[in-house]
file start.cif (mmCIF, C-alpha atoms)
data_upload
loop_
_atom_site.label_atom_id
_atom_site.label_comp_id
_atom_site.auth_asym_id
_atom_site.auth_seq_id
_atom_site.Cartn_x
_atom_site.Cartn_y
_atom_site.Cartn_z
CA MET C 154 23.07 -19.42 -4.84
CA GLU C 155 20.24 -17.98 -2.73
CA LEU C 156 19.79 -14.23 -3.07
CA PRO C 157 20.47 -12.07 -0.02
CA ASP C 158 17.24 -11.61 1.89
CA PRO C 159 16.44 -7.98 0.90
CA LEU C 160 17.11 -8.69 -2.78
CA ARG C 161 15.11 -11.93 -2.67
CA LEU C 162 12.14 -10.15 -1.11
CA ARG C 163 12.19 -7.47 -3.82
CA THR C 164 12.47 -10.11 -6.52
CA GLU C 165 9.43 -11.89 -5.08
CA PHE C 166 7.56 -8.59 -4.93
CA ALA C 167 8.29 -7.87 -8.60
CA GLU C 168 7.27 -11.39 -9.63
CA GLU C 169 4.02 -11.20 -7.66
CA ALA C 170 3.16 -7.74 -9.00
CA ARG C 171 3.72 -8.89 -12.59
CA SER C 172 1.92 -12.22 -12.23
CA GLU C 173 -1.37 -12.90 -13.99
CA ARG C 174 -3.36 -12.53 -10.75
CA PRO C 175 -1.37 -10.58 -8.15
CA GLY C 176 -2.20 -11.51 -4.57
CA LEU C 177 -3.03 -8.47 -2.45
CA ALA C 178 -2.11 -10.04 0.89
CA ARG C 179 1.17 -11.36 -0.51
CA LEU C 180 2.13 -7.95 -1.92
CA CYS C 181 1.32 -6.18 1.35
CA LEU C 182 3.20 -8.76 3.39
CA LEU C 183 6.26 -8.46 1.14
CA VAL C 184 6.19 -4.69 1.72
CA GLY C 185 6.18 -5.41 5.46
CA ALA C 186 9.08 -7.84 5.09
CA VAL C 187 11.14 -5.30 3.14
CA ALA C 188 10.47 -2.78 5.90
CA ASP C 189 11.72 -5.30 8.47
CA PRO C 190 13.80 -8.03 6.75
CA ALA C 191 14.49 -9.67 10.12
CA ARG C 192 10.90 -10.98 10.10
CA GLY C 193 11.22 -12.32 6.55
CA GLU C 194 9.31 -15.38 5.41
CA PRO C 195 8.31 -16.58 8.92
CA GLY C 196 6.50 -13.30 9.50
CA ILE C 197 4.71 -13.62 6.16
CA ASP C 198 3.65 -17.18 6.92
CA ALA C 199 2.42 -16.25 10.40
CA ALA C 200 0.31 -13.40 8.97
CA GLU C 201 -1.23 -15.70 6.35
CA VAL C 202 -2.11 -18.20 9.10
CA GLU C 203 -3.75 -15.42 11.13
CA LEU C 204 -5.86 -14.31 8.17
CA ASP C 205 -6.96 -17.93 7.65
CA ARG C 206 -7.79 -18.27 11.34
CA LEU C 207 -9.91 -15.13 11.37
CA ALA C 208 -11.78 -16.25 8.25
CA GLY C 209 -12.54 -19.55 9.96
CA GLU C 210 -14.39 -17.66 12.72
CA LEU C 211 -16.94 -16.12 10.37
CA PRO C 212 -20.43 -17.64 10.26
CA HIS C 213 -21.06 -19.95 7.34
CA ARG C 214 -22.17 -18.11 4.20
CA PRO C 215 -24.25 -15.13 5.40
CA ALA C 216 -27.28 -14.63 3.15
CA THR C 217 -26.87 -11.08 1.82
CA PRO C 218 -24.11 -8.49 1.26
CA ARG C 219 -25.38 -6.61 4.31
CA ASP C 220 -25.19 -9.78 6.40
CA TRP C 221 -21.59 -10.30 5.25
CA ALA C 222 -20.69 -6.73 6.16
CA LEU C 223 -22.29 -7.02 9.59
CA ALA C 224 -20.56 -10.36 10.22
CA LEU C 225 -17.14 -8.87 9.40
CA ALA C 226 -17.85 -5.82 11.57
CA GLU C 227 -18.85 -8.02 14.51
CA LEU C 228 -15.81 -10.28 14.16
CA LEU C 229 -13.06 -7.83 13.30
CA GLY C 230 -14.39 -4.55 14.62
CA THR C 231 -16.19 -5.61 17.80
CA ARG C 232 -14.67 -8.93 18.89
CA TYR C 233 -11.05 -8.28 17.85
CA GLY C 234 -11.04 -4.49 17.97
CA PHE C 235 -9.55 -3.68 14.58
CA HIS C 236 -9.94 0.07 14.01
CA GLY C 237 -7.96 3.25 13.44
CA THR C 238 -7.40 6.63 15.06
CA GLU C 239 -5.79 9.87 13.90
CA SER C 240 -2.56 8.94 15.69
CA ASP C 241 -2.18 5.93 13.41
CA TYR C 242 -1.43 8.26 10.50
CA ARG C 243 1.83 9.15 12.27
CA ARG C 244 3.13 5.55 12.50
CA LEU C 245 4.88 3.55 9.79
CA GLU C 246 3.46 0.36 11.35
CA SER C 247 0.00 1.51 10.27
CA SER C 248 0.99 0.78 6.66
CA LEU C 249 2.51 -2.67 7.28
CA LEU C 250 0.09 -5.60 7.20
CA GLN C 251 2.03 -7.75 9.67
CA GLU C 252 1.95 -4.92 12.21
CA VAL C 253 -1.71 -4.10 11.57
CA LEU C 254 -2.60 -7.73 12.30
CA ARG C 255 -0.53 -7.61 15.48
CA ARG C 256 -1.67 -4.22 16.77
CA ARG C 257 -5.19 -4.34 15.27
CA ARG C 258 -4.68 -0.71 14.33
CA GLY C 259 -3.81 0.92 11.04
CA LEU C 260 -4.66 3.24 8.19
CA PRO C 261 -8.01 2.82 6.40
CA ILE C 262 -6.40 1.05 3.45
CA LEU C 263 -4.51 -1.54 5.54
CA LEU C 264 -7.51 -2.22 7.76
CA SER C 265 -9.51 -2.65 4.55
CA VAL C 266 -6.92 -5.18 3.35
CA VAL C 267 -7.57 -7.20 6.53
CA TRP C 268 -11.34 -7.05 5.91
CA LEU C 269 -10.87 -7.98 2.24
CA GLU C 270 -8.55 -10.91 2.86
CA VAL C 271 -10.57 -12.38 5.72
CA ALA C 272 -13.83 -11.96 3.78
CA ARG C 273 -12.35 -13.36 0.56
CA ARG C 274 -11.09 -16.46 2.34
CA ALA C 275 -14.61 -17.05 3.67
CA GLY C 276 -16.17 -16.69 0.21
CA ALA C 277 -17.73 -13.23 0.56
CA PRO C 278 -18.62 -11.09 -2.48
CA VAL C 279 -16.17 -8.37 -1.48
CA HIS C 280 -13.93 -5.75 -3.07
CA GLY C 281 -11.92 -2.69 -2.11
CA VAL C 282 -13.38 0.76 -2.78
CA ALA C 283 -10.71 3.43 -3.24
CA LEU C 284 -12.60 6.54 -2.20
CA PRO C 285 -10.39 9.65 -2.31
CA GLY C 286 -8.56 9.98 0.99
CA HIS C 287 -10.40 7.12 2.69
CA PHE C 288 -10.30 3.51 1.52
CA THR C 289 -13.37 1.40 2.29
CA VAL C 290 -14.77 -2.07 1.55
CA GLY C 291 -17.75 -3.00 -0.62
CA PHE C 292 -19.90 -6.11 -0.37
CA GLY C 293 -22.13 -7.33 -3.19
CA PRO C 294 -22.86 -6.20 -6.76
CA PRO C 295 -23.32 -2.56 -7.82
CA ASP C 296 -27.12 -2.73 -7.57
CA ASP C 297 -26.96 -4.11 -4.01
CA LEU C 298 -23.68 -2.61 -2.79
CA VAL C 299 -23.05 -2.31 0.94
CA LEU C 300 -20.12 -0.15 2.04
CA ALA C 301 -18.25 -0.64 5.30
CA ASP C 302 -15.59 1.52 6.94
CA PRO C 303 -12.94 -0.67 8.64
CA PHE C 304 -11.23 2.42 10.08
CA ASP C 305 -14.39 2.94 12.14
CA GLY C 306 -14.59 -0.72 13.17
CA GLY C 307 -16.66 -1.74 10.14
CA THR C 308 -19.47 0.81 10.46
CA LEU C 309 -21.81 0.58 7.48
CA LEU C 310 -21.86 3.64 5.23
CA SER C 311 -25.01 4.93 3.58
CA PRO C 312 -24.75 6.57 0.14
CA ALA C 313 -25.00 9.93 1.93
CA ASP C 314 -22.12 8.96 4.27
CA ALA C 315 -19.92 7.94 1.33
CA SER C 316 -20.77 11.12 -0.54
CA LEU C 317 -19.88 13.20 2.51
CA LEU C 318 -16.48 11.48 2.76
CA VAL C 319 -15.75 12.21 -0.90
CA THR C 320 -17.01 15.79 -0.78
CA GLY C 321 -14.84 16.49 2.26
CA VAL C 322 -11.74 15.53 0.27
CA THR C 323 -12.55 16.64 -3.29
CA GLY C 324 -15.28 19.23 -2.84
CA ALA C 325 -17.34 17.34 -5.42
CA PRO C 326 -20.22 14.87 -4.99
CA LEU C 327 -19.66 11.12 -5.14
CA ASP C 328 -19.16 9.85 -8.68
CA PRO C 329 -20.48 6.26 -9.03
CA SER C 330 -17.26 5.32 -10.85
CA LEU C 331 -15.42 5.69 -7.53
CA LEU C 332 -17.29 2.64 -6.21
CA ARG C 333 -15.72 0.28 -8.76
CA PRO C 334 -13.54 -2.56 -7.40
CA ALA C 335 -9.93 -1.53 -6.77
CA ASP C 336 -7.46 -4.02 -8.22
CA PRO C 337 -4.49 -5.28 -6.14
CA LEU C 338 -1.92 -3.17 -7.98
CA GLU C 339 -3.98 -0.03 -7.42
CA VAL C 340 -4.14 -0.87 -3.72
CA ILE C 341 -0.43 -1.62 -3.30
CA ARG C 342 0.48 1.53 -5.23
CA ARG C 343 -1.62 3.55 -2.79
CA VAL C 344 -0.03 1.77 0.19
CA LEU C 345 3.45 2.65 -1.07
CA ASN C 346 2.39 6.25 -1.73
CA ASN C 347 1.23 6.47 1.90
CA ILE C 348 4.60 5.17 3.09
CA ARG C 349 6.43 7.72 0.93
CA ALA C 350 4.26 10.50 2.34
CA TRP C 351 4.96 9.31 5.90
CA ALA C 352 8.70 9.19 5.21
CA ALA C 353 8.72 12.72 3.75
CA ALA C 354 7.20 14.29 6.87
CA PRO C 355 9.57 15.65 9.55
CA PRO C 356 11.67 14.05 10.84
CA GLU C 357 12.38 12.86 7.31
CA ARG C 358 13.11 9.12 6.86
CA THR C 359 15.01 8.98 3.57
CA ASP C 360 15.87 5.32 4.08
CA VAL C 361 12.19 4.36 4.22
CA ALA C 362 11.29 6.63 1.28
CA LEU C 363 14.03 4.96 -0.78
CA TRP C 364 12.78 1.39 -0.42
CA ALA C 365 9.17 2.51 -0.92
CA VAL C 366 10.10 4.22 -4.19
CA GLU C 367 12.18 1.24 -5.29
CA LEU C 368 9.23 -1.11 -4.72
CA SER C 369 6.97 1.31 -6.63
CA LEU C 370 9.40 1.16 -9.54
CA LEU C 371 8.99 -2.64 -9.62
CA LEU C 372 5.27 -2.33 -10.39
CA PRO C 373 4.26 -2.91 -14.03
CA SER C 374 3.62 0.80 -14.58
CA HIS C 375 4.69 3.97 -12.78
CA PRO C 376 4.98 7.70 -13.52
CA ALA C 377 8.26 8.76 -15.12
CA ASP C 378 8.96 11.34 -12.42
CA LEU C 379 9.25 8.51 -9.89
CA ARG C 380 12.68 7.85 -11.40
CA TYR C 381 13.64 11.44 -10.62
CA GLU C 382 12.47 11.03 -7.03
CA HIS C 383 14.50 7.82 -6.81
CA ALA C 384 17.63 9.59 -8.05
CA GLN C 385 17.22 12.40 -5.53
CA LEU C 386 16.81 9.91 -2.69
CA LEU C 387 19.95 8.04 -3.74
CA VAL C 388 21.92 11.27 -3.60
CA LYS C 389 20.44 12.13 -0.18
CA CYS C 390 21.50 8.69 1.06
CA GLY C 391 25.08 9.30 -0.17
CA ASP C 392 24.94 6.96 -3.17
CA PHE C 393 26.22 9.66 -5.51
CA VAL C 394 27.25 7.40 -8.39
CA ARG C 395 23.90 5.62 -8.68
CA GLY C 396 22.06 8.87 -8.08
CA ALA C 397 23.97 10.61 -10.89
CA ARG C 398 23.31 7.72 -13.26
CA GLU C 399 19.60 7.83 -12.47
CA LEU C 400 19.53 11.60 -13.01
CA GLU C 401 21.27 11.23 -16.36
CA SER C 402 18.88 8.48 -17.40
CA TYR C 403 15.88 10.59 -16.40
CA ALA C 404 17.30 13.58 -18.30
CA GLU C 405 17.34 11.49 -21.49
CA VAL C 406 13.63 10.78 -21.05
CA VAL C 407 12.79 14.43 -20.35
CA ALA C 408 14.95 15.84 -23.16
CA ALA C 409 12.43 14.92 -25.87
CA VAL C 410 9.70 17.11 -24.35
CA ASP C 411 11.57 19.70 -22.24
CA PRO C 412 15.25 20.25 -23.19
CA GLU C 413 15.72 23.01 -20.59
CA ALA C 414 14.47 20.80 -17.75
CA ALA C 415 16.70 17.99 -19.01
CA GLU C 416 19.75 20.24 -18.84
CA LEU C 417 18.89 21.22 -15.27
CA VAL C 418 18.72 17.54 -14.32
CA ARG C 419 22.09 16.91 -16.02
CA GLY C 420 23.48 19.72 -13.90
CA GLN C 421 22.19 17.96 -10.79
CA ALA C 422 23.93 14.77 -11.97
CA ARG C 423 27.23 16.63 -12.37
CA ALA C 424 26.80 18.11 -8.89
CA ALA C 425 26.19 14.64 -7.45
CA ARG C 426 29.36 13.28 -9.06
CA ALA C 427 31.34 16.27 -7.77
CA ARG C 428 30.44 15.26 -4.21
CA LEU C 429 32.59 12.15 -4.66
CA ASN C 430 35.75 14.29 -4.53
#
call {"tool": "encode", "arguments": {"input": "start.cif", "output": "C-alpha cells"}}
result
Amino acid sequence: MELPDPLRLRTEFAEEARSERPGLARLCLLVGAVADPARGEPGIDAAEVELDRLAGELPHRPATPRDWALALAELLGTRYGFHGTESDYRRLESSLLQEVLRRRRGLPILLSVVWLEVARRAGAPVHGVALPGHFTVGFGPPDDLVLADPFDGGTLLSPADASLLVTGVTGAPLDPSLLRPADPLEVIRRVLNNIRAWAAAPPERTDVALWAVELSLLLPSHPADLRYEHAQLLVKCGDFVRGARELESYAEVVAAVDPEAAELVRGQARAARARLN
C-alpha cells in the first residue's frame, strides 16, 4: 500500500539524507514538498527540469574558476535576476527551493543552492561555503578559490570582503577553515534551522516549526535537545500524549547527567497528560 503523501515524503527525505551520497537539490526539494504537499512529486520534477534548463544555458566549460563564477553571475544574477533583499528574511518561501526558483528570490543559502546545482550540472568546480550568517559559493581549489555572493546577484567577493562579512557576524577575522566545502547534510541542517527560526518569530507558526524539527530529527545526527523542542511543539499543537511521551523519553536521556533537570522535564510530561482531562 502506498504511504500517505506527507509520510512518503518524509520517508524519502530520511532515505536521501542517510544515503551514501545525499543529493542537495533532492533534499531541499523534499523540504519544499513537505511544506506544501499539494505540489508533491510534480513540483519536485518541475524544479529539477528548471535546474537542468538553466545549466544548459551556461557557456561550454569556462576556462578558470573566475570565468565560471562570472558566467553564473551573468546567467542567474543578471539575465534571470536571482537575488535577495532584507524582506526575503521574513518569508517562508525564501527557504523553499521550488519557490526560490519560481520567484528568483530567497535567502543566501537557498540562492546558493541554485548556483551550486546549476553549476554542478554544467561541470563547474563548485562548492558551498558556509560563512557565519551568510552562505556563499566557492569556485575552484583552495589555492585559486573564487567566492561569489548569490544574494547580491553573484557579486565576486575578495578575501577582504569575505573577512568583513565574517567579522560583522562573529567579531573575529576570517578563519581559512570556514572556506572548506559544506557537505549537503550541513546545508540542509542550516536550511531547516532557518525555517525553525522563521517559525519562532511573531506571529509564531508552530505547525511549520513542528515539521521542520521532525525533518531535522530524520538527519543522521542531531543535538539531543532537539527532542525536547519537538516534545514542546507537540504539546503546543495539542498532541499531549505524544508530547508527554517525548518529554519522558528526553528525561531518561538527561537523567544520567542532570537528575534535577530530568525531574523538571518529567513534571512537564505529567502536566501535558493532565491537559487531556
call {"tool": "axis_aligned_box", "arguments": {"input": "start.cif", "around": "stretch 268-280 of chain C", "padding_each_side": "4 Å", "output": "JSON"}}
result
{"center_x": -13.6, "center_y": -11.4, "center_z": 1.4, "size_x": 18.1, "size_y": 19.3, "size_z": 17.0}
call {"tool": "residues_near_point", "arguments": {"input": "start.cif", "point": "(-1.0, 0.6, -2.3)", "cutoff": "12 Å", "atoms": "only C-alpha atoms", "output": "PyMOL selection string"}}
result
chain C and resi 170+177-178+180-182+184+248-250+260-263+265-266+281+283+288+335-349+365-366+368-369+372
call {"tool": "atom_distance", "arguments": {"input": "start.cif", "atom1": "atom CA of C:Asp392", "atom2": "atom CA of C:Arg419"}}
result
16.5 Å
call {"tool": "closest_residue", "arguments": {"input": "start.cif", "among": "C:Thr359, C:Gln385, C:Thr217, C:Ser172", "to": "C:Pro294", "atoms": "only C-alpha atoms"}}
result
C:Thr217
call {"tool": "atom_distance", "arguments": {"input": "start.cif", "atom1": "atom CA of C:Arg256", "atom2": "atom CA of C:Leu207"}}
result
14.7 Å
call {"tool": "residues_around", "arguments": {"input": "start.cif", "residues": "stretch 398-409 of chain C", "least_positions_apart": "2", "cutoff": "6 Å", "atoms": "all atoms listed in the file", "output": "PDB file with C-alpha atoms, in the coordinates of the input"}}
result
ATOM      1  CA  ALA C 384      17.630   9.590  -8.050  1.00  0.00           C
ATOM      2  CA  ARG C 395      23.900   5.620  -8.680  1.00  0.00           C
ATOM      3  CA  GLY C 396      22.060   8.870  -8.080  1.00  0.00           C
ATOM      4  CA  ASP C 411      11.570  19.700 -22.240  1.00  0.00           C
ATOM      5  CA  PRO C 412      15.250  20.250 -23.190  1.00  0.00           C
ATOM      6  CA  ALA C 415      16.700  17.990 -19.010  1.00  0.00           C
ATOM      7  CA  VAL C 418      18.720  17.540 -14.320  1.00  0.00           C
ATOM      8  CA  ARG C 419      22.090  16.910 -16.020  1.00  0.00           C
ATOM      9  CA  ALA C 422      23.930  14.770 -11.970  1.00  0.00           C
TER      10      ALA C 422
END
call {"tool": "closest_residue", "arguments": {"input": "start.cif", "among": "C:Val267, C:Val282, C:Val253, C:Val299", "to": "C:Trp221", "atoms": "all atoms listed in the file"}}
result
C:Val299
call {"tool": "closest_residue", "arguments": {"input": "start.cif", "among": "C:Lys389, C:Arg274, C:Arg423, C:Arg244", "to": "C:Asp205", "atoms": "all atoms listed in the file"}}
result
C:Arg274
call {"tool": "closest_residue", "arguments": {"input": "start.cif", "among": "C:Leu245, C:Leu254, C:Leu269, C:Ala362", "to": "C:Gly176", "atoms": "all atoms listed in the file"}}
result
C:Leu269
call {"tool": "residues_around", "arguments": {"input": "start.cif", "residues": "C:Pro312", "least_positions_apart": "3", "cutoff": "12 Å", "atoms": "all atoms listed in the file", "output": "list in words"}}
result
Gly291, Asp297, Leu298, Val299, Leu300, Ala301, Leu309, Ala315, Ser316, Leu317, Leu318, Val319, Pro326, Leu327, Asp328, Pro329 and Leu332 of chain C
call {"tool": "resolve_selection", "arguments": {"input": "start.cif", "expression": "the PyMOL selection byres ((chain C and resi 225) around 9)", "output": "list in words"}}
result
Leu211, Asp220, Trp221, Ala222, Leu223, Ala224, Ala226, Glu227, Leu228, Leu229, Gly230, Trp268, Val271, Ala272 and Gly307 of chain C
call {"tool": "atom_distance", "arguments": {"input": "start.cif", "atom1": "atom CA of C:His375", "atom2": "atom CA of C:Glu357"}}
result
23.3 Å
call {"tool": "residues_around", "arguments": {"input": "start.cif", "residues": "C:Val394", "least_positions_apart": "6", "cutoff": "10 Å", "atoms": "all atoms listed in the file", "output": "VMD selection string"}}
result
chain C and resid 384 387 to 388 400 422 425 to 429
call {"tool": "residues_around", "arguments": {"input": "start.cif", "residues": "C:Arg171", "least_positions_apart": "3", "cutoff": "10 Å", "atoms": "only C-alpha atoms", "output": "ChimeraX atom specification"}}
result
/C:165-168,174-175,338,371-374
call {"tool": "closest_residue", "arguments": {"input": "start.cif", "among": "C:Gly234, C:Gly321, C:Pro215, C:Gly306", "to": "C:Pro285", "atoms": "only C-alpha atoms"}}
result
C:Gly321
call {"tool": "closest_residue", "arguments": {"input": "start.cif", "among": "C:Arg163, C:Arg206, C:Arg333, C:Arg243", "to": "C:His280", "atoms": "all atoms listed in the file"}}
result
C:Arg333
call {"tool": "residues_around", "arguments": {"input": "start.cif", "residues": "C:Asp360", "least_positions_apart": "4", "cutoff": "9 Å", "atoms": "only C-alpha atoms", "output": "PyMOL selection string"}}
result
chain C and resi 352+364-365+386+390
call {"tool": "build_atoms", "arguments": {"input": "start.cif", "residues": "stretch 167-178 of chain C", "atoms": "all heavy atoms", "output": "compact mmCIF listing (two decimals), keeping the file's coordinate frame"}}
result
# COMPACT_ATOMS: atom_id res chain seq x y z
N ALA C 167 8.41 -8.16 -7.16
CA ALA C 167 8.29 -7.87 -8.60
C ALA C 167 7.57 -9.00 -9.32
O ALA C 167 6.70 -8.76 -10.18
CB ALA C 167 9.68 -7.65 -9.20
N GLU C 168 7.90 -10.23 -8.98
CA GLU C 168 7.27 -11.39 -9.63
C GLU C 168 5.79 -11.44 -9.31
O GLU C 168 4.96 -11.72 -10.18
CB GLU C 168 7.97 -12.67 -9.20
CG GLU C 168 9.39 -12.81 -9.76
CD GLU C 168 10.13 -14.01 -9.19
OE1 GLU C 168 9.61 -14.61 -8.19
OE2 GLU C 168 11.21 -14.35 -9.70
N GLU C 169 5.43 -11.18 -8.06
CA GLU C 169 4.02 -11.20 -7.66
C GLU C 169 3.25 -10.08 -8.36
O GLU C 169 2.14 -10.28 -8.85
CB GLU C 169 3.90 -11.06 -6.15
CG GLU C 169 2.49 -11.24 -5.60
CD GLU C 169 1.98 -12.66 -5.75
OE1 GLU C 169 2.76 -13.60 -5.57
OE2 GLU C 169 0.77 -12.81 -6.04
N ALA C 170 3.84 -8.88 -8.39
CA ALA C 170 3.16 -7.74 -9.00
C ALA C 170 2.94 -7.94 -10.49
O ALA C 170 1.96 -7.42 -11.05
CB ALA C 170 3.98 -6.47 -8.77
N ARG C 171 3.80 -8.70 -11.14
CA ARG C 171 3.72 -8.89 -12.59
C ARG C 171 3.08 -10.24 -12.95
O ARG C 171 3.04 -10.59 -14.13
CB ARG C 171 5.11 -8.77 -13.21
CG ARG C 171 5.67 -7.37 -13.08
CD ARG C 171 7.13 -7.26 -13.45
NE ARG C 171 7.63 -5.92 -13.18
CZ ARG C 171 7.54 -4.90 -14.03
NH1 ARG C 171 6.99 -5.09 -15.22
NH2 ARG C 171 8.01 -3.71 -13.71
N SER C 172 2.58 -10.95 -11.95
CA SER C 172 1.92 -12.22 -12.23
C SER C 172 0.54 -11.98 -12.83
O SER C 172 0.02 -10.86 -12.80
CB SER C 172 1.81 -13.06 -10.96
OG SER C 172 0.96 -12.43 -10.02
N GLU C 173 -0.07 -13.04 -13.34
CA GLU C 173 -1.37 -12.90 -13.99
C GLU C 173 -2.44 -12.43 -13.00
O GLU C 173 -3.30 -11.62 -13.35
CB GLU C 173 -1.78 -14.23 -14.62
CG GLU C 173 -3.08 -14.16 -15.41
CD GLU C 173 -3.40 -15.47 -16.10
OE1 GLU C 173 -2.53 -16.38 -16.13
OE2 GLU C 173 -4.53 -15.60 -16.61
N ARG C 174 -2.39 -12.92 -11.77
CA ARG C 174 -3.36 -12.53 -10.75
C ARG C 174 -2.61 -12.19 -9.46
O ARG C 174 -2.47 -13.03 -8.57
CB ARG C 174 -4.37 -13.66 -10.51
CG ARG C 174 -5.20 -14.02 -11.73
CD ARG C 174 -6.22 -15.09 -11.43
NE ARG C 174 -7.19 -14.65 -10.46
CZ ARG C 174 -8.19 -15.41 -9.99
NH1 ARG C 174 -8.31 -16.67 -10.40
NH2 ARG C 174 -9.05 -14.92 -9.12
N PRO C 175 -2.14 -10.96 -9.35
CA PRO C 175 -1.37 -10.58 -8.15
C PRO C 175 -2.19 -10.76 -6.88
O PRO C 175 -3.37 -10.43 -6.83
CB PRO C 175 -1.06 -9.09 -8.40
CG PRO C 175 -1.22 -8.89 -9.86
CD PRO C 175 -2.29 -9.84 -10.28
N GLY C 176 -1.54 -11.31 -5.86
CA GLY C 176 -2.20 -11.51 -4.57
C GLY C 176 -2.02 -10.29 -3.67
O GLY C 176 -0.89 -9.91 -3.37
N LEU C 177 -3.12 -9.69 -3.26
CA LEU C 177 -3.03 -8.47 -2.45
C LEU C 177 -2.34 -8.71 -1.12
O LEU C 177 -1.46 -7.95 -0.72
CB LEU C 177 -4.44 -7.90 -2.23
CG LEU C 177 -4.53 -6.64 -1.36
CD1 LEU C 177 -3.65 -5.53 -1.91
CD2 LEU C 177 -5.97 -6.18 -1.23
N ALA C 178 -2.74 -9.76 -0.41
CA ALA C 178 -2.11 -10.04 0.89
C ALA C 178 -0.62 -10.27 0.72
O ALA C 178 0.20 -9.75 1.49
CB ALA C 178 -2.78 -11.23 1.56
